[in-house]
>>> print(open('target17.tsv').read())   # TSV, C-alpha atoms
chain	number	residue	atom	x	y	z
Z	30	MET	CA	3.07	-65.87	-109.21
Z	31	SER	CA	4.19	-67.41	-106.01
Z	32	THR	CA	3.30	-66.14	-102.61
Z	33	ILE	CA	6.91	-65.19	-101.61
Z	34	PRO	CA	7.66	-62.83	-104.54
Z	35	MET	CA	4.40	-61.04	-103.96
Z	36	LYS	CA	5.35	-60.43	-100.37
Z	37	VAL	CA	8.81	-59.08	-101.36
Z	38	CYS	CA	7.25	-56.68	-103.82
Z	39	THR	CA	4.77	-55.57	-101.22
Z	40	LEU	CA	7.60	-54.77	-98.78
Z	41	PHE	CA	10.24	-53.14	-101.06
Z	42	CYS	CA	8.27	-51.26	-103.71
Z	43	PRO	CA	7.19	-48.44	-101.35
Z	44	LEU	CA	10.85	-48.17	-100.13
Z	45	LEU	CA	12.18	-47.90	-103.68
Z	46	LEU	CA	9.58	-45.30	-104.53
Z	47	SER	CA	10.54	-43.18	-101.51
Z	48	THR	CA	14.21	-43.40	-102.42
Z	49	LEU	CA	13.47	-42.26	-105.97
Z	50	VAL	CA	11.47	-39.23	-104.72
Z	51	LEU	CA	14.29	-38.20	-102.35
Z	52	SER	CA	16.87	-38.49	-105.14
Z	53	LEU	CA	14.83	-36.27	-107.46
Z	54	SER	CA	14.44	-33.66	-104.68
Z	55	ALA	CA	18.20	-33.59	-104.02
Z	56	CYS	CA	18.94	-33.10	-107.72
Z	57	SER	CA	16.44	-30.24	-107.90
Z	58	LYS	CA	18.04	-28.52	-104.85
Z	59	SER	CA	21.56	-28.95	-106.27
Z	60	ALA	CA	20.45	-27.38	-109.54
Z	61	ASP	CA	18.99	-24.41	-107.65
Z	62	GLU	CA	22.22	-23.86	-105.66
Z	63	SER	CA	24.38	-23.89	-108.75
Z	64	GLY	CA	22.17	-21.40	-110.58
Z	65	PRO	CA	22.86	-17.64	-111.10
Z	66	ALA	CA	23.71	-15.62	-107.94
Z	67	GLY	CA	21.30	-13.07	-106.56
Z	68	PRO	CA	21.94	-9.28	-106.75
Z	69	ALA	CA	23.28	-9.17	-103.19
Z	70	GLU	CA	26.06	-11.58	-104.17
Z	71	HIS	CA	27.45	-9.33	-106.94
Z	72	ALA	CA	30.27	-7.09	-105.49
Z	73	GLN	CA	31.28	-3.93	-107.31
Z	74	VAL	CA	34.92	-4.81	-106.65
Z	75	LYS	CA	36.29	-7.29	-109.19
Z	76	LEU	CA	39.68	-8.84	-108.62
Z	77	ASP	CA	42.01	-8.60	-111.59
Z	78	LYS	CA	41.86	-11.81	-113.66
Z	79	SER	CA	43.90	-10.68	-116.64
Z	80	ALA	CA	46.57	-13.25	-115.82
Z	81	THR	CA	44.04	-16.17	-116.13
Z	82	SER	CA	42.81	-15.70	-119.71
Z	83	GLY	CA	43.41	-18.76	-121.87
Z	84	HIS	CA	43.78	-21.19	-118.93
Z	85	GLN	CA	41.32	-23.95	-118.09
Z	86	GLY	CA	40.79	-26.54	-115.40
Z	87	GLU	CA	42.77	-26.59	-112.14
Z	88	GLU	CA	45.70	-24.62	-113.58
Z	89	GLY	CA	43.29	-21.87	-114.68
Z	90	LYS	CA	41.75	-21.71	-111.21
Z	91	HIS	CA	45.20	-21.43	-109.59
Z	92	ALA	CA	46.27	-18.64	-111.95
Z	93	GLU	CA	43.01	-16.81	-111.30
Z	94	GLU	CA	43.63	-16.98	-107.54
Z	95	GLU	CA	47.15	-15.50	-107.86
Z	96	ALA	CA	45.86	-12.63	-109.96
Z	97	SER	CA	43.14	-11.98	-107.42
Z	98	GLU	CA	45.70	-11.66	-104.66
Z	99	SER	CA	47.95	-9.32	-106.67
Z	100	GLY	CA	45.62	-6.60	-107.95
Z	101	ILE	CA	42.16	-5.07	-107.59
Z	102	ARG	CA	40.12	-3.51	-110.37
Z	103	MET	CA	37.34	-1.05	-109.46
Z	104	ASP	CA	35.20	1.20	-111.62
Z	105	GLU	CA	34.86	4.90	-110.83
Z	106	ALA	CA	31.50	4.45	-109.09
Z	107	ALA	CA	32.95	1.74	-106.85
Z	108	LEU	CA	36.00	3.89	-106.06
Z	109	ALA	CA	33.77	6.78	-105.01
Z	110	ALA	CA	31.50	4.52	-102.94
Z	111	ALA	CA	34.48	2.99	-101.14
Z	112	GLY	CA	36.08	6.38	-100.51
Z	113	VAL	CA	39.20	5.46	-102.47
Z	114	GLN	CA	41.15	8.43	-103.84
Z	115	SER	CA	44.38	8.47	-105.79
Z	116	GLN	CA	46.92	11.03	-106.95
Z	117	THR	CA	49.97	11.26	-109.18
Z	118	LEU	CA	53.27	11.60	-107.35
Z	119	ARG	CA	55.33	14.74	-107.82
Z	120	PRO	CA	58.63	15.73	-106.14
Z	121	SER	CA	58.26	18.07	-103.16
Z	122	LEU	CA	60.17	19.36	-100.16
Z	123	LEU	CA	58.20	18.53	-97.03
Z	124	THR	CA	57.64	20.99	-94.22
Z	125	GLU	CA	55.68	20.67	-91.02
Z	126	GLU	CA	53.76	23.46	-89.34
Z	127	LEU	CA	54.41	23.85	-85.63
Z	128	ARG	CA	52.16	26.00	-83.46
Z	129	ALA	CA	53.44	27.83	-80.39
Z	130	PRO	CA	52.15	30.54	-78.04
Z	131	GLY	CA	54.10	33.77	-78.22
Z	132	GLU	CA	54.45	37.15	-76.52
Z	133	VAL	CA	55.23	40.41	-78.29
Z	134	ILE	CA	58.21	42.31	-76.92
Z	135	ASP	CA	59.85	45.55	-77.99
Z	136	ASN	CA	62.55	45.39	-80.61
Z	137	ALA	CA	65.61	46.02	-78.44
Z	138	TYR	CA	67.58	47.20	-81.45
Z	139	GLY	CA	65.04	49.97	-81.94
Z	140	THR	CA	64.55	50.86	-78.26
Z	141	THR	CA	66.31	53.69	-76.39
Z	142	LEU	CA	66.14	54.74	-72.75
Z	143	ILE	CA	66.26	58.51	-72.43
Z	144	THR	CA	68.43	59.21	-69.36
Z	145	PRO	CA	70.58	62.13	-68.07
Z	146	ARG	CA	74.32	61.58	-67.74
Z	147	VAL	CA	74.64	63.89	-64.77
Z	148	GLU	CA	72.62	64.66	-61.66
Z	149	ALA	CA	69.97	67.19	-62.69
Z	150	LEU	CA	66.59	68.75	-61.91
Z	151	VAL	CA	63.60	68.43	-64.28
Z	152	VAL	CA	62.69	71.92	-65.52
Z	153	ARG	CA	60.23	71.39	-68.41
Z	154	ARG	CA	58.45	68.51	-70.13
Z	155	HIS	CA	58.13	68.60	-73.92
Z	156	ALA	CA	56.52	65.19	-74.59
Z	157	ARG	CA	54.16	62.72	-72.94
Z	158	ILE	CA	53.77	58.98	-72.80
Z	159	GLY	CA	52.19	57.59	-75.96
Z	160	ASP	CA	53.46	60.43	-78.16
Z	161	GLU	CA	54.98	59.47	-81.48
Z	162	VAL	CA	58.02	61.66	-82.05
Z	163	GLU	CA	60.51	62.26	-84.82
Z	164	ALA	CA	64.28	62.09	-84.54
Z	165	GLY	CA	65.67	65.22	-82.86
Z	166	ALA	CA	62.40	66.17	-81.15
Z	167	ALA	CA	62.78	67.84	-77.70
Z	168	LEU	CA	61.67	65.57	-74.87
Z	169	VAL	CA	62.64	67.14	-71.53
Z	170	THR	CA	64.73	70.09	-70.25
Z	171	LEU	CA	66.94	69.62	-67.19
Z	172	SER	CA	69.18	71.85	-65.11
Z	173	SER	CA	72.51	70.94	-63.49
Z	174	VAL	CA	75.34	72.77	-61.69
Z	175	GLU	CA	77.89	70.48	-63.31
Z	176	VAL	CA	76.45	71.24	-66.71
Z	177	ALA	CA	76.62	74.95	-65.96
Z	178	ASN	CA	80.33	74.60	-65.20
Z	179	ALA	CA	80.88	72.60	-68.34
Z	180	GLN	CA	79.04	75.22	-70.42
Z	181	ALA	CA	81.18	78.00	-68.92
Z	182	ASP	CA	84.41	76.12	-69.50
Z	183	LEU	CA	83.44	75.46	-73.10
Z	184	ARG	CA	82.55	79.09	-73.73
Z	185	ILE	CA	85.86	80.32	-72.28
Z	186	ALA	CA	87.88	77.73	-74.20
Z	187	GLU	CA	86.21	78.61	-77.50
Z	188	GLU	CA	86.71	82.35	-77.00
Z	189	GLU	CA	90.42	81.80	-76.20
Z	190	TRP	CA	90.82	79.59	-79.24
Z	191	ARG	CA	89.26	82.16	-81.50
Z	192	ARG	CA	91.51	84.90	-80.10
Z	193	VAL	CA	94.71	82.91	-80.43
Z	194	SER	CA	93.79	81.76	-83.92
Z	195	ALA	CA	93.14	85.36	-84.99
Z	196	LEU	CA	96.59	86.57	-83.76
Z	197	GLY	CA	98.40	83.81	-85.63
Z	198	ARG	CA	101.83	82.34	-85.15
Z	199	GLU	CA	103.56	85.70	-85.76
Z	200	ALA	CA	102.14	87.12	-82.50
Z	201	VAL	CA	101.61	83.99	-80.42
Z	202	SER	CA	104.01	81.17	-79.81
Z	203	GLY	CA	103.29	77.75	-81.14
Z	204	ARG	CA	103.09	76.43	-77.60
Z	205	ARG	CA	100.31	78.88	-76.71
Z	206	ILE	CA	98.32	77.96	-79.78
Z	207	LYS	CA	98.67	74.31	-78.94
Z	208	GLU	CA	97.50	74.82	-75.37
Z	209	ALA	CA	94.42	76.71	-76.58
Z	210	GLN	CA	93.56	73.95	-79.01
Z	211	VAL	CA	93.87	71.28	-76.32
Z	212	ALA	CA	91.73	73.31	-73.93
Z	213	VAL	CA	88.89	73.71	-76.39
Z	214	ASP	CA	88.97	70.02	-77.33
Z	215	ARG	CA	88.81	69.06	-73.65
Z	216	ALA	CA	85.87	71.40	-72.99
Z	217	ARG	CA	83.96	70.06	-75.98
Z	218	ALA	CA	84.56	66.47	-74.85
Z	219	ALA	CA	83.25	67.27	-71.36
Z	220	ALA	CA	80.15	68.88	-72.89
Z	221	ARG	CA	79.43	65.84	-75.05
Z	222	ALA	CA	79.89	63.56	-72.04
Z	223	TYR	CA	77.02	65.43	-70.37
Z	224	GLY	CA	74.90	65.12	-73.48
Z	225	LEU	CA	75.45	68.73	-74.60
Z	226	PRO	CA	76.21	69.92	-78.12
Z	227	GLY	CA	79.87	70.08	-79.01
Z	228	ALA	CA	79.76	73.87	-79.24
Z	229	ALA	CA	78.70	76.57	-76.82
Z	230	ALA	CA	75.15	77.81	-77.41
Z	231	GLY	CA	73.14	80.33	-75.37
Z	232	ARG	CA	73.85	81.19	-71.79
Z	233	SER	CA	75.79	79.08	-69.32
Z	234	ASN	CA	72.79	78.59	-67.05
Z	235	GLY	CA	73.15	74.84	-66.63
Z	236	GLU	CA	69.99	73.98	-68.60
Z	237	PHE	CA	70.12	71.35	-71.30
Z	238	THR	CA	67.50	69.47	-73.31
Z	239	LEU	CA	67.35	65.76	-74.03
Z	240	THR	CA	66.15	64.95	-77.56
Z	241	ALA	CA	64.93	61.84	-79.38
Z	242	PRO	CA	67.83	60.00	-81.05
Z	243	HIS	CA	65.43	58.33	-83.51
Z	244	ALA	CA	61.78	58.27	-84.47
Z	245	GLY	CA	59.42	56.18	-82.35
Z	246	ARG	CA	56.77	56.07	-79.66
Z	247	LEU	CA	57.23	56.98	-76.00
Z	248	THR	CA	56.04	53.91	-74.12
Z	249	GLU	CA	57.26	54.83	-70.63
Z	250	ASP	CA	57.28	58.17	-68.77
Z	251	ASP	CA	58.60	58.01	-65.22
Z	252	PHE	CA	59.20	61.50	-63.77
Z	253	VAL	CA	57.54	64.76	-62.73
Z	254	VAL	CA	58.65	68.34	-63.18
Z	255	GLY	CA	60.85	69.48	-60.28
Z	256	GLN	CA	62.10	65.98	-59.55
Z	257	ARG	CA	65.83	65.51	-59.00
Z	258	ILE	CA	67.13	62.83	-61.31
Z	259	GLU	CA	70.17	60.66	-60.73
Z	260	PRO	CA	72.52	59.85	-63.62
Z	261	GLY	CA	71.25	56.88	-65.64
Z	262	LYS	CA	67.63	57.02	-64.40
Z	263	PRO	CA	65.28	56.42	-67.38
Z	264	LEU	CA	62.91	59.32	-68.02
Z	265	PHE	CA	61.41	58.01	-71.27
Z	266	ARG	CA	61.43	54.72	-73.14
Z	267	LEU	CA	61.48	55.41	-76.87
Z	268	VAL	CA	60.51	52.45	-79.08
Z	269	ASP	CA	60.59	52.14	-82.84
Z	270	GLU	CA	57.46	49.99	-83.35
Z	271	SER	CA	57.85	49.55	-87.09
Z	272	THR	CA	59.37	46.16	-86.24
Z	273	VAL	CA	58.63	44.07	-83.13
Z	274	TRP	CA	59.88	40.80	-81.71
Z	275	VAL	CA	57.82	37.79	-80.70
Z	276	ASP	CA	59.16	35.20	-78.26
Z	277	ALA	CA	57.48	31.85	-78.97
Z	278	LYS	CA	57.65	28.91	-76.54
Z	279	LEU	CA	58.34	25.47	-78.01
Z	280	PRO	CA	59.15	22.10	-76.43
Z	281	SER	CA	62.90	21.61	-76.25
Z	282	ASP	CA	62.83	18.65	-78.68
Z	283	ALA	CA	61.08	20.77	-81.33
Z	284	VAL	CA	63.33	23.82	-81.14
Z	285	SER	CA	66.10	22.17	-83.17
Z	286	ARG	CA	63.68	21.81	-86.08
Z	287	VAL	CA	63.27	25.59	-86.37
Z	288	GLN	CA	66.15	27.19	-88.24
Z	289	ALA	CA	67.30	30.81	-88.14
Z	290	GLY	CA	66.03	32.63	-91.20
Z	291	ALA	CA	63.02	30.32	-91.61
Z	292	PRO	CA	59.61	31.92	-92.25
Z	293	ALA	CA	57.02	32.17	-89.50
Z	294	THR	CA	53.45	33.41	-89.29
Z	295	VAL	CA	52.09	35.41	-86.36
Z	296	ILE	CA	48.33	35.49	-85.81
Z	297	ALA	CA	46.83	38.22	-83.63
Z	298	GLY	CA	43.18	39.19	-83.59
Z	299	GLY	CA	42.49	36.93	-86.56
Z	300	GLN	CA	45.09	38.70	-88.71
Z	301	ARG	CA	48.11	36.93	-90.16
Z	302	MET	CA	51.48	38.67	-90.25
Z	303	PRO	CA	54.66	37.24	-91.78
Z	304	GLY	CA	57.83	37.05	-89.74
Z	305	THR	CA	61.35	35.63	-89.79
Z	306	VAL	CA	63.04	33.46	-87.19
Z	307	MET	CA	65.97	35.34	-85.66
Z	308	HIS	CA	67.37	32.68	-83.36
Z	309	SER	CA	66.40	30.05	-80.81
Z	310	ALA	CA	67.33	30.04	-77.15
Z	311	HIS	CA	70.19	27.85	-76.02
Z	312	ARG	CA	68.67	27.29	-72.62
Z	313	THR	CA	65.60	25.26	-71.64
Z	314	SER	CA	63.36	26.33	-68.79
Z	315	GLU	CA	63.68	23.92	-65.87
Z	316	ALA	CA	60.06	24.56	-64.86
Z	317	THR	CA	58.29	24.20	-68.22
Z	318	ARG	CA	60.92	22.32	-70.29
Z	319	ASN	CA	60.26	24.85	-73.05
Z	320	ALA	CA	62.71	26.97	-74.98
Z	321	SER	CA	62.19	30.32	-76.66
Z	322	VAL	CA	62.36	31.06	-80.38
Z	323	ARG	CA	62.54	34.75	-81.32
Z	324	VAL	CA	60.73	35.99	-84.41
Z	325	GLU	CA	61.09	39.41	-86.03
Z	326	VAL	CA	57.81	40.77	-87.38
Z	327	PRO	CA	57.28	43.92	-89.48
Z	328	ASN	CA	54.59	46.06	-87.82
Z	329	PRO	CA	53.79	48.88	-90.26
Z	330	ASP	CA	50.16	49.26	-89.15
Z	331	ASP	CA	51.05	49.33	-85.44
Z	332	ARG	CA	48.91	46.24	-84.77
Z	333	LEU	CA	51.35	44.60	-82.36
Z	334	HIS	CA	52.47	46.06	-79.05
Z	335	GLY	CA	54.74	44.85	-76.29
Z	336	GLY	CA	52.94	42.45	-73.96
Z	337	ASP	CA	50.42	41.18	-76.54
Z	338	TYR	CA	49.86	37.40	-76.65
Z	339	VAL	CA	49.78	35.83	-80.11
Z	340	ASP	CA	49.96	32.45	-81.87
Z	341	VAL	CA	53.04	31.63	-83.92
Z	342	TYR	CA	53.24	29.03	-86.69
Z	343	PHE	CA	56.57	27.72	-87.96
Z	344	GLU	CA	57.22	25.86	-91.20
Z	345	ALA	CA	59.69	23.39	-89.76
Z	346	GLY	CA	60.88	20.25	-91.49
Z	347	ARG	CA	62.79	17.79	-89.34
Z	348	LEU	CA	66.41	18.83	-89.25
Z	349	ALA	CA	67.71	15.56	-90.69
Z	350	SER	CA	65.06	15.52	-93.40
Z	351	ALA	CA	65.69	19.10	-94.45
Z	352	GLN	CA	69.36	18.30	-94.99
Z	353	SER	CA	68.83	15.00	-96.80
Z	354	GLN	CA	65.87	15.92	-99.01
Z	355	THR	CA	66.42	17.08	-102.56
Z	356	SER	CA	64.15	18.37	-105.28
Z	357	ASP	CA	63.54	14.71	-106.32
Z	358	SER	CA	62.10	13.58	-102.97
Z	359	LEU	CA	58.75	11.80	-103.12
Z	360	SER	CA	56.26	11.47	-100.29
Z	361	VAL	CA	52.80	10.05	-99.66
Z	362	PRO	CA	50.20	10.75	-96.96
Z	363	ASN	CA	50.69	8.56	-93.92
Z	364	GLY	CA	47.32	6.91	-94.56
Z	365	ALA	CA	48.52	5.61	-97.95
Z	366	LEU	CA	50.86	3.15	-96.23
Z	367	VAL	CA	49.55	-0.25	-95.06
Z	368	GLN	CA	51.16	-3.45	-93.82
Z	369	ILE	CA	50.66	-6.68	-95.80
Z	370	GLU	CA	52.52	-9.84	-94.76
Z	371	GLY	CA	55.04	-7.82	-92.79
Z	372	GLU	CA	55.84	-5.40	-95.64
Z	373	THR	CA	55.01	-1.73	-95.96
Z	374	VAL	CA	53.11	-1.26	-99.22
Z	375	VAL	CA	51.40	1.41	-101.28
Z	376	PHE	CA	48.65	0.61	-103.78
Z	377	ARG	CA	49.77	1.74	-107.24
Z	378	ARG	CA	47.68	1.75	-110.42
Z	379	ASP	CA	49.21	-0.53	-113.06
Z	380	GLU	CA	49.01	-0.37	-116.85
Z	381	HIS	CA	45.73	-2.34	-116.80
Z	382	GLY	CA	44.05	0.12	-114.45
Z	383	ALA	CA	44.16	-2.20	-111.46
Z	384	PHE	CA	45.52	-1.21	-108.05
Z	385	ALA	CA	48.36	-3.48	-106.97
Z	386	PRO	CA	50.30	-3.41	-103.68
Z	387	VAL	CA	53.91	-2.26	-104.13
Z	388	PRO	CA	56.51	-2.70	-101.36
Z	389	VAL	CA	58.29	0.56	-100.51
Z	390	ARG	CA	61.17	1.69	-98.31
Z	391	VAL	CA	60.13	4.67	-96.25
Z	392	GLY	CA	62.12	7.55	-94.78
Z	393	ASP	CA	61.26	10.24	-92.27
Z	394	VAL	CA	57.71	11.05	-91.21
Z	395	ILE	CA	57.19	14.80	-91.53
Z	396	GLY	CA	53.80	16.02	-90.37
Z	397	ASP	CA	51.11	14.00	-92.17
Z	398	HIS	CA	53.42	12.75	-94.95
Z	399	THR	CA	56.10	10.06	-95.19
Z	400	VAL	CA	59.18	10.26	-97.42
Z	401	ILE	CA	59.49	7.36	-99.90
Z	402	ARG	CA	63.08	6.23	-100.44
Z	403	GLU	CA	62.49	3.29	-102.81
Z	404	GLY	CA	59.62	1.57	-104.61
Z	405	LEU	CA	57.90	4.51	-106.33
Z	406	LYS	CA	58.87	7.04	-108.95
Z	407	THR	CA	57.65	10.38	-110.22
Z	408	GLY	CA	54.44	10.01	-112.24
Z	409	ASP	CA	53.15	6.92	-110.42
Z	410	THR	CA	49.47	7.04	-109.48
Z	411	VAL	CA	48.89	5.76	-105.96
Z	412	VAL	CA	45.99	5.44	-103.54
Z	413	VAL	CA	46.17	8.18	-100.90
Z	414	THR	CA	42.80	7.59	-99.22
Z	415	GLY	CA	41.06	4.24	-98.70
Z	416	ALA	CA	44.13	2.01	-98.80
Z	417	PHE	CA	42.75	-0.09	-95.94
Z	418	THR	CA	39.67	-0.91	-98.04
Z	419	LEU	CA	41.88	-2.34	-100.79
Z	420	LYS	CA	43.94	-4.22	-98.23
Z	421	SER	CA	40.74	-5.89	-96.98
Z	422	GLN	CA	39.92	-7.08	-100.49
Z	423	ILE	CA	43.41	-8.53	-100.86
Z	424	LEU	CA	43.06	-10.41	-97.57
Z	425	LYS	CA	39.69	-11.80	-98.66
Z	426	ALA	CA	41.26	-13.08	-101.87
Z	427	GLN	CA	44.04	-14.76	-99.91
Z	428	MET	CA	41.47	-16.54	-97.72
Z	429	GLY	CA	39.61	-17.80	-100.77
Z	430	GLU	CA	36.49	-15.69	-100.41
Z	431	GLY	CA	34.67	-14.78	-103.58
Z	432	HIS	CA	35.69	-18.03	-105.46
Z	433	GLY	CA	33.45	-20.86	-106.50
Z	434	HIS	CA	35.83	-23.73	-105.79
>>> encode(input="target17.tsv", output="structure tokens")
Amino acid sequence: MSTIPMKVCTLFCPLLLSTLVLSLSACSKSADESGPAGPAEHAQVKLDKSATSGHQGEEGKHAEEEASESGIRMDEAALAAAGVQSQTLRPSLLTEELRAPGEVIDNAYGTTLITPRVEALVVRRHARIGDEVEAGAALVTLSSVEVANAQADLRIAEEEWRRVSALGREAVSGRRIKEAQVAVDRARAAARAYGLPGAAAGRSNGEFTLTAPHAGRLTEDDFVVGQRIEPGKPLFRLVDESTVWVDAKLPSDAVSRVQAGAPATVIAGGQRMPGTVMHSAHRTSEATRNASVRVEVPNPDDRLHGGDYVDVYFEAGRLASAQSQTSDSLSVPNGALVQIEGETVVFRRDEHGAFAPVPVRVGDVIGDHTVIREGLKTGDTVVVTGAFTLKSQILKAQMGEGHGH
């Protein structure tokens, strides 16, 4: 062997050996990287690959990617862990509960002010404030000179009428009978105008008694015995408390959503009482920008009294929605709606059990639900909680995450 080849071998053999060792190490590392994935790399969420079965090569990979972007399959354990909940859609008429502060006031239709119709002096008291009285119960006795005159005139007119009537037309002219009849009618009318009975009773001493026109409670008592009372001055306030009114204050833009006849709930002292909306005010307060809605509330147990402050809850759908909704209206919780590529979608379970995004056309938002106009039908199962989690998986699929190519 010549000297030159020996020198070449001496120089290049170690280099070739090093290159061979490095190549073997690279192959070993590549084999390790392409081996089975560790436990941390296995996700419970598996993208739907049903559309890729039977395809191979690059076309199979492309089909698998489209299926991944269109649907997500999750087992029950994964659904529970991700907080994903679904429900089957059923038609419903949406309502929204509005809360408003309210004040109890007396039912004006069941309230009467007990007043004299003539100047009089208080003689006797028969009832006191807070008393619950029946219809016709004596409340106060008054005395008046004008009433005394009216009593006397009525007595005289009735006696003359009885006398003329007893004589008959054979003894008394028709004119005289007519005059007697007119006189007694006039005296009775004057007596009723003073609040007296329409017939003479007892002596003509000017005393008369005011009675309760209906059953109720005396909530005001503003006089003393011996006081001179002017006509129209209230002596008692008589209130039928079996039904009360509640004036609730709502923002002006919410008042139109509360309809007359709609149900309402009044809460006082932790107790719930049903009521009915009577009407809403047609004037908004300039100071508070609130308007009043009046509610009628049955009060059989006498739990509510004028001046009490309560909370009122109204079941109030938006006016436009209430008119346009039918028994076939569908709705989903607001959280079920997400935006994907500029479209509003809901995740619906398909026939393979996967959740796929479905574009929908939405209507009014009423409370925590949104009306669905198009895109879903009765019986569809949709995700109502955790839609954002599924959206995140779709976005990952679109970016190519989770694929080996």
>>> residues_near_point(input="target17.tsv", point="(68.4, 55.5, -67.7)", cutoff="8 Å", atoms="all atoms listed in the file", output="ChimeraX atom specification")
/Z:142-145,260-264
>>> residues_near_point(input="target17.tsv", point="(57.7, 45.6, -91.0)", cutoff="9 Å", atoms="only C-alpha atoms", output="PyMOL selection string")
chain Z and resi 270-273+303-304+325-330
>>> atom_distance(input="target17.tsv", atom1="atom CA of Glu161 of chain Z", atom2="atom CA of Asp251 of chain Z")
16.7 Å
>>> closest_residue(input="target17.tsv", among="Z:Ser281, Z:Ser115, Z:Ser172, Z:Thr305", to="Ala320 of chain Z", atoms="all atoms listed in the file")
Z:Ser281
>>> closest_residue(input="target17.tsv", among="Z:Glu370, Z:Glu132, Z:Glu188, Z:Glu199", to="Val322 of chain Z", atoms="all atoms listed in the file")
Z:Glu132
>>> closest_residue(input="target17.tsv", among="Z:Val152, Z:Val268, Z:Leu108, Z:Val113", to="His243 of chain Z", atoms="all atoms listed in the file")
Z:Val268
>>> closest_residue(input="target17.tsv", among="Z:Glu259, Z:Glu163, Z:Glu315, Z:Asp250", to="Leu150 of chain Z", atoms="all atoms listed in the file")
Z:Glu259
>>> residues_around(input="target17.tsv", residues="Asp282 of chain Z", least_positions_apart="2", cutoff="10 Å", atoms="all atoms listed in the file", output="count of residues only")
8
>>> atom_distance(input="target17.tsv", atom1="atom CA of Val151 of chain Z", atom2="atom CA of Ala164 of chain Z")
21.2 Å
>>> decode(input="target17.tsv", residues="segment 106-130 of chain Z", atoms="C-alpha atoms", output="JSON list (two decimals), in the first residue's frame")
[["chain", "number", "residue", "atom", "x", "y", "z"],
["Z", 106, "ALA", "CA", -68.28, 12.14, 30.71],
["Z", 107, "ALA", "CA", -66.65, 14.73, 28.48],
["Z", 108, "LEU", "CA", -69.91, 16.69, 28.20],
["Z", 109, "ALA", "CA", -70.24, 16.80, 31.97],
["Z", 110, "ALA", "CA", -66.59, 17.78, 32.45],
["Z", 111, "ALA", "CA", -66.89, 20.60, 29.91],
["Z", 112, "GLY", "CA", -70.15, 21.85, 31.42],
["Z", 113, "VAL", "CA", -72.06, 21.27, 28.18],
["Z", 114, "GLN", "CA", -75.81, 20.81, 28.61],
["Z", 115, "SER", "CA", -78.47, 20.30, 25.98],
["Z", 116, "GLN", "CA", -82.25, 20.26, 25.78],
["Z", 117, "THR", "CA", -85.01, 19.43, 23.34],
["Z", 118, "LEU", "CA", -86.85, 22.42, 21.90],
["Z", 119, "ARG", "CA", -90.55, 22.84, 22.62],
["Z", 120, "PRO", "CA", -92.89, 25.70, 21.62],
["Z", 121, "SER", "CA", -93.47, 28.31, 24.31],
["Z", 122, "LEU", "CA", -94.76, 31.84, 24.79],
["Z", 123, "LEU", "CA", -92.01, 33.93, 26.36],
["Z", 124, "THR", "CA", -92.60, 36.30, 29.23],
["Z", 125, "GLU", "CA", -90.20, 38.47, 31.17],
["Z", 126, "GLU", "CA", -90.48, 39.28, 34.85],
["Z", 127, "LEU", "CA", -90.12, 42.95, 35.71],
["Z", 128, "ARG", "CA", -89.59, 44.08, 39.30],
["Z", 129, "ALA", "CA", -90.84, 47.42, 40.58],
["Z", 130, "PRO", "CA", -91.27, 49.10, 43.98]]
